[in-house]
Amino acid sequence: MPRVFLYFFAAVFIVYGVAGFLDPVSSVANMGIIIDNTHAKIEVRATYGGLLVGLGFLFAYSANSDSSIRFGLVAIICILTTVGLSRLYGIMVDGDNEAIQWNFLIMELVGAVIAALILFLHPSVKDGS
């Protein structure tokens, strides 16, 4: 189960990352982000493209070895929790009440909780084996 979870998140991050890299304008349009200059396009390629692909490869790599599964789960917990809490802060401070923000927030926090449950409760991970 821990490996499947890590591979799932690897695939999600890589798919979204490739989309952000190849078509930065469309990849963020559903969030209301308008890319109207070259600098913004490059930033989206790097952040929504390169960073997400890199994290996806990290998750896939950590799933390949028993000794790195714990690291991969902790990485997912840290990343999804900080992104989710930052999104929640933005919603509260900036007042955005769009459904897409809430949907991402739920996915981020639920993903972090599931990763934590696997980390602390799954016998193969809990025991460090």
# chains A, B, ... in the order shown; residues from 1 in each chain; ligands from 1

$ residues_around --residues "Ala11 of chain A" --least-positions-apart "6" --cutoff "10 Å" --atoms "only C-alpha atoms" --output "list in words"
Phe5, Gly17, Val53, Gly56, Phe57, Phe59 and Ala60 of chain A

$ select_by_dssp --residues "segment 28-101 of chain A" --states "helix (DSSP H, G or I)" --output "MDAnalysis selection string"
chainID A and resid 28:29 38:63 66:94 99:101

$ atom_distance --atom1 "atom CA of Val110 of chain A" --atom2 "atom CA of Ile35 of chain A"
29.8 Å

$ closest_residue --among "A:Leu105, A:Ala75, A:Val28, A:Ala112" --to "Gly49 of chain A" --atoms "only C-alpha atoms"
A:Val28

$ atom_distance --atom1 "atom CA of Ile77 of chain A" --atom2 "atom CA of Ala115 of chain A"
6.1 Å

$ closest_residue --among "A:Leu109, A:Met31, A:Val4, A:Ala19" --to "Asp96 of chain A" --atoms "only C-alpha atoms"
A:Met31

$ residues_around --residues "Met1 of chain A" --least-positions-apart "6" --cutoff "12 Å" --atoms "only C-alpha atoms" --output "list in words"
Tyr7, Phe8, Ala63, Ile69, Leu73, Ile114, Ala115, Leu117, Ile118, Leu119, Leu121, His122, Pro123, Ser124 and Val125 of chain A

$ write_last_selection --atoms "N, CA, C and O atoms" --output "compact mmCIF listing (two decimals), in the first residue's frame"
# COMPACT_ATOMS: atom_id res chain seq x y z
N TYR A 7 3.46 5.96 -5.66
CA TYR A 7 3.39 5.96 -7.13
C TYR A 7 2.19 6.77 -7.62
O TYR A 7 2.27 7.44 -8.66
N PHE A 8 1.08 6.70 -6.90
CA PHE A 8 -0.09 7.49 -7.28
C PHE A 8 0.25 8.97 -7.25
O PHE A 8 -0.01 9.71 -8.21
N ALA A 63 9.53 5.34 -3.69
CA ALA A 63 8.71 4.13 -3.67
C ALA A 63 9.50 2.90 -4.10
O ALA A 63 9.08 1.77 -3.82
N ILE A 69 10.89 4.63 1.59
CA ILE A 69 9.44 4.82 1.63
C ILE A 69 9.05 5.81 2.71
O ILE A 69 8.22 6.70 2.49
N LEU A 73 6.94 9.37 2.20
CA LEU A 73 5.70 9.70 2.91
C LEU A 73 5.84 11.00 3.70
O LEU A 73 4.94 11.83 3.70
N ILE A 114 -3.79 10.92 4.85
CA ILE A 114 -3.62 9.52 4.43
C ILE A 114 -2.14 9.12 4.49
O ILE A 114 -1.80 8.04 4.97
N ALA A 115 -1.26 10.00 4.03
CA ALA A 115 0.18 9.71 4.10
C ALA A 115 0.61 9.51 5.56
O ALA A 115 1.39 8.60 5.87
N LEU A 117 -1.30 8.55 8.09
CA LEU A 117 -1.87 7.29 8.57
C LEU A 117 -1.05 6.10 8.09
O LEU A 117 -0.77 5.17 8.87
N ILE A 118 -0.65 6.13 6.84
CA ILE A 118 0.21 5.04 6.32
C ILE A 118 1.53 5.03 7.06
O ILE A 118 2.02 3.97 7.47
N LEU A 119 2.11 6.20 7.26
CA LEU A 119 3.41 6.30 7.93
C LEU A 119 3.36 5.72 9.34
O LEU A 119 4.26 4.99 9.76
N LEU A 121 0.73 3.87 10.81
CA LEU A 121 -0.08 2.69 11.09
C LEU A 121 0.25 1.47 10.23
O LEU A 121 -0.04 0.34 10.65
N HIS A 122 0.79 1.66 9.05
CA HIS A 122 1.07 0.51 8.19
C HIS A 122 2.27 -0.26 8.75
O HIS A 122 3.32 0.32 8.98
N PRO A 123 2.09 -1.56 8.98
CA PRO A 123 3.16 -2.35 9.64
C PRO A 123 4.51 -2.29 8.93
O PRO A 123 5.54 -2.18 9.60
N SER A 124 4.54 -2.30 7.61
CA SER A 124 5.83 -2.32 6.90
C SER A 124 6.56 -1.00 7.02
O SER A 124 7.77 -0.94 6.88
N VAL A 125 5.83 0.08 7.27
CA VAL A 125 6.46 1.40 7.38
C VAL A 125 6.67 1.75 8.85
O VAL A 125 7.72 2.26 9.24

$ closest_residue --among "A:Leu58, A:Val15, A:Ile33, A:Val25" --to "Arg45 of chain A" --atoms "only C-alpha atoms"
A:Val25

$ closest_residue --among "A:Ile34, A:Ala99, A:Val113, A:Ile42" --to "Ile76 of chain A" --atoms "only C-alpha atoms"
A:Val113

$ residues_around --residues "Tyr16 of chain A" --least-positions-apart "2" --cutoff "12 Å" --atoms "only C-alpha atoms" --output "ChimeraX atom specification"
/A:9-14,18-24,26-28,44-45,47-56

$ atom_distance --atom1 "atom CA of Arg70 of chain A" --atom2 "atom CA of Glu108 of chain A"
18.6 Å
